[in-house]
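Notes for the one structure printed next.
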Amino acid sequence: MKFDMPSCGGCRTCELACSFHWRGAFVPAASSLRIAEKDDGPGYAVLLKEVADGEGPACDHCAGLEIPLCMEYCREYDDLYLILQKFKDNEPPKDDAVKMEGARNERR
């Protein structure tokens, strides 16, 4: 699923953290999510894998951990939290993207 994250700065720390969850090493190609450039507007697109493919495993929300690693290390924790909740609830993105206006939720 593809989500729009206007607050994302494109650092890709989430990809590294996710790959560490799967491999115990920093191998972005082994990540369940990808950060991709958008054609327009601020931020980046967050692509979450629903099924495993040759490029990486499906997102399991870091099963067994209290907080998914991608979220734990993201500067925009609250916004990524909303995306992961929508993905976990299997809520399809609207217009191929979920527009977020810097939502703020309580952390931990």
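Here's how to read the names in the structure tokens: chain A, B, ... by the order shown, residue numbers from 1 in each chain, ligand numbers from 1 in the order shown.
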Please provide as a compact mmCIF listing (two decimals) with C-alpha atoms, in the first residue's frame all residues within 7 Å of Phe26 in chain A, with the sequence filter that same-chain residues fewer than 3 positions apart are discarded (counting only C-alpha atoms).
```
# COMPACT_ATOMS: atom_id res chain seq x y z
CA LEU A 16 17.28 0.66 8.03
CA SER A 19 15.80 -4.30 7.76
CA PHE A 20 17.44 -4.74 11.15
```
Residues within 7 Å of range 68-72 of chain A, please, as a VMD selection string. Count only C-alpha atoms; anything in the same chain fewer than 5 positions from it doesn't count.
chain A and resid 14 to 15 17 to 18 61 to 62 77 80 to 81
Using only C-alpha atoms, find the one residue out of A:Asp78, A:Ala30, A:Ile83, A:Ala36 that sits nearest to Asp53 in chain A.
A:Ala30
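One finds CA of Gly41 in chain A at 29.1 Å from CA of Asp60 in chain A.
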Enumerate, as a PyMOL selection string, the complete set of residues in chain A that a backbone-based DSSP assignment places in helix (DSSP H, G or I).
chain A and resi 13-23+28-30+69-72+77-88+94-96
Writing out the chosen residues with N, CA and C atoms as a JSON list (two decimals), in the first residue's frame:
```json
[["chain", "number", "residue", "atom", "x", "y", "z"],
["A", 13, "THR", "N", 15.72, 6.28, 7.62],
["A", 13, "THR", "CA", 16.08, 5.57, 8.85],
["A", 13, "THR", "C", 15.09, 4.44, 9.11],
["A", 14, "CYS", "N", 13.83, 4.63, 8.74],
["A", 14, "CYS", "CA", 12.82, 3.60, 8.93],
["A", 14, "CYS", "C", 13.16, 2.34, 8.13],
["A", 15, "GLU", "N", 13.69, 2.52, 6.92],
["A", 15, "GLU", "CA", 14.09, 1.37, 6.10],
["A", 15, "GLU", "C", 15.21, 0.60, 6.77],
["A", 16, "LEU", "N", 16.17, 1.32, 7.33],
["A", 16, "LEU", "CA", 17.28, 0.66, 8.03],
["A", 16, "LEU", "C", 16.78, -0.10, 9.26],
["A", 17, "ALA", "N", 15.92, 0.55, 10.04],
["A", 17, "ALA", "CA", 15.39, -0.09, 11.25],
["A", 17, "ALA", "C", 14.59, -1.34, 10.90],
["A", 18, "CYS", "N", 13.79, -1.26, 9.85],
["A", 18, "CYS", "CA", 12.99, -2.41, 9.43],
["A", 18, "CYS", "C", 13.88, -3.56, 8.98],
["A", 19, "SER", "N", 14.90, -3.24, 8.22],
["A", 19, "SER", "CA", 15.80, -4.30, 7.76],
["A", 19, "SER", "C", 16.52, -4.96, 8.93],
["A", 20, "PHE", "N", 16.80, -4.18, 9.96],
["A", 20, "PHE", "CA", 17.44, -4.74, 11.15],
["A", 20, "PHE", "C", 16.49, -5.73, 11.84],
["A", 21, "HIS", "N", 15.20, -5.40, 11.83],
["A", 21, "HIS", "CA", 14.19, -6.31, 12.40],
["A", 21, "HIS", "C", 14.24, -7.67, 11.70],
["A", 22, "TRP", "N", 14.38, -7.65, 10.39],
["A", 22, "TRP", "CA", 14.36, -8.89, 9.60],
["A", 22, "TRP", "C", 15.70, -9.61, 9.54],
["A", 23, "ARG", "N", 16.79, -8.87, 9.45],
["A", 23, "ARG", "CA", 18.09, -9.49, 9.19],
["A", 23, "ARG", "C", 19.10, -9.37, 10.33],
["A", 28, "PRO", "N", 18.83, -2.17, 3.65],
["A", 28, "PRO", "CA", 17.55, -1.59, 3.23],
["A", 28, "PRO", "C", 16.76, -2.42, 2.23],
["A", 29, "ALA", "N", 17.42, -3.19, 1.40],
["A", 29, "ALA", "CA", 16.71, -4.03, 0.43],
["A", 29, "ALA", "C", 15.87, -5.10, 1.13],
["A", 30, "ALA", "N", 16.17, -5.40, 2.40],
["A", 30, "ALA", "CA", 15.43, -6.41, 3.15],
["A", 30, "ALA", "C", 14.30, -5.80, 3.97],
["A", 69, "LEU", "N", 9.98, -0.97, 14.93],
["A", 69, "LEU", "CA", 11.26, -0.27, 14.87],
["A", 69, "LEU", "C", 11.24, 0.94, 13.95],
["A", 70, "CYS", "N", 10.52, 0.85, 12.83],
["A", 70, "CYS", "CA", 10.47, 1.99, 11.92],
["A", 70, "CYS", "C", 9.91, 3.22, 12.63],
["A", 71, "MET", "N", 8.88, 3.00, 13.44],
["A", 71, "MET", "CA", 8.27, 4.10, 14.19],
["A", 71, "MET", "C", 9.18, 4.60, 15.30],
["A", 72, "GLU", "N", 9.81, 3.69, 15.98],
["A", 72, "GLU", "CA", 10.65, 4.06, 17.11],
["A", 72, "GLU", "C", 11.77, 5.01, 16.71],
["A", 77, "TYR", "N", 7.36, 10.33, 14.20],
["A", 77, "TYR", "CA", 6.73, 9.18, 14.86],
["A", 77, "TYR", "C", 5.21, 9.20, 14.74],
["A", 78, "ASP", "N", 4.59, 10.32, 15.09],
["A", 78, "ASP", "CA", 3.13, 10.40, 15.11],
["A", 78, "ASP", "C", 2.51, 10.15, 13.73],
["A", 79, "ASP", "N", 3.12, 10.72, 12.71],
["A", 79, "ASP", "CA", 2.59, 10.56, 11.36],
["A", 79, "ASP", "C", 2.77, 9.13, 10.86],
["A", 80, "LEU", "N", 3.93, 8.55, 11.13],
["A", 80, "LEU", "CA", 4.16, 7.16, 10.73],
["A", 80, "LEU", "C", 3.25, 6.22, 11.51],
["A", 81, "TYR", "N", 2.96, 6.56, 12.76],
["A", 81, "TYR", "CA", 2.03, 5.77, 13.57],
["A", 81, "TYR", "C", 0.66, 5.70, 12.87],
["A", 82, "LEU", "N", 0.17, 6.81, 12.39],
["A", 82, "LEU", "CA", -1.14, 6.83, 11.71],
["A", 82, "LEU", "C", -1.13, 5.96, 10.46],
["A", 83, "ILE", "N", -0.04, 6.03, 9.71],
["A", 83, "ILE", "CA", 0.07, 5.21, 8.50],
["A", 83, "ILE", "C", 0.06, 3.73, 8.87],
["A", 84, "LEU", "N", 0.85, 3.35, 9.87],
["A", 84, "LEU", "CA", 0.90, 1.94, 10.27],
["A", 84, "LEU", "C", -0.45, 1.45, 10.80],
["A", 85, "GLN", "N", -1.17, 2.30, 11.50],
["A", 85, "GLN", "CA", -2.50, 1.92, 11.99],
["A", 85, "GLN", "C", -3.45, 1.66, 10.83],
["A", 86, "LYS", "N", -3.43, 2.54, 9.84],
["A", 86, "LYS", "CA", -4.30, 2.35, 8.67],
["A", 86, "LYS", "C", -3.91, 1.08, 7.92],
["A", 87, "PHE", "N", -2.63, 0.83, 7.81],
["A", 87, "PHE", "CA", -2.15, -0.38, 7.14],
["A", 87, "PHE", "C", -2.56, -1.62, 7.93],
["A", 88, "LYS", "N", -2.37, -1.58, 9.23],
["A", 88, "LYS", "CA", -2.70, -2.72, 10.10],
["A", 88, "LYS", "C", -4.20, -3.01, 10.05],
["A", 94, "LYS", "N", -6.85, 6.56, 0.58],
["A", 94, "LYS", "CA", -7.75, 7.34, -0.27],
["A", 94, "LYS", "C", -6.93, 7.98, -1.37],
["A", 95, "ASP", "N", -7.40, 7.89, -2.60],
["A", 95, "ASP", "CA", -6.71, 8.47, -3.74],
["A", 95, "ASP", "C", -5.25, 8.02, -3.79],
["A", 96, "ASP", "N", -5.00, 6.76, -3.43],
["A", 96, "ASP", "CA", -3.65, 6.20, -3.45],
["A", 96, "ASP", "C", -2.74, 6.83, -2.41]]
```
Name the residues of chain A that come out as strand (DSSP E or B) in a backbone DSSP run; write them as a ChimeraX atom specification.
/A:2-5,33-36,44-48,53,56
Go ahead and save the residues from that selection, with C-alpha atoms, as a compact mmCIF listing (two decimals), in the first residue's frame.
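Output file part-v3.txt is given in full below:
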```
# COMPACT_ATOMS: atom_id res chain seq x y z
CA LYS A 2 1.16 3.49 -0.77
CA PHE A 3 0.69 6.36 1.67
CA ASP A 4 1.53 10.04 1.38
CA MET A 5 3.62 11.41 4.26
CA LEU A 33 8.77 -0.53 3.63
CA ARG A 34 10.22 1.84 1.09
CA ILE A 35 10.45 5.59 1.02
CA ALA A 36 9.84 6.89 -2.48
CA TYR A 44 7.69 11.37 0.44
CA ALA A 45 5.54 8.32 -0.20
CA VAL A 46 5.69 5.40 2.22
CA LEU A 47 5.21 2.03 0.54
CA LEU A 48 4.34 -0.84 2.87
CA ASP A 53 8.36 -10.58 -2.71
CA GLY A 56 11.74 -8.17 0.96
```
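Counting from CA of Asp39 in chain A, the distance to CA of Pro6 in chain A is 12.2 Å.
We find CA of Lys49 in chain A and CA of Met1 in chain A to be spaced 6.5 Å apart.
Using only C-alpha atoms, the smallest distance between any of A:Cys11, A:Glu55, A:Asp89, A:Leu65 and Gly43 in chain A comes from A:Cys11.
With distances restricted to only C-alpha atoms, A:Lys38 is the closest residue to Gly10 in chain A from A:Asn90, A:Pro57, A:Glu66, A:Lys38.
For the residues A:Ala25, A:Ser32, A:Gly9, A:Tyr73, ranking by smallest atom-to-atom distance to Val51 in chain A using only C-alpha atoms places A:Ser32 first.
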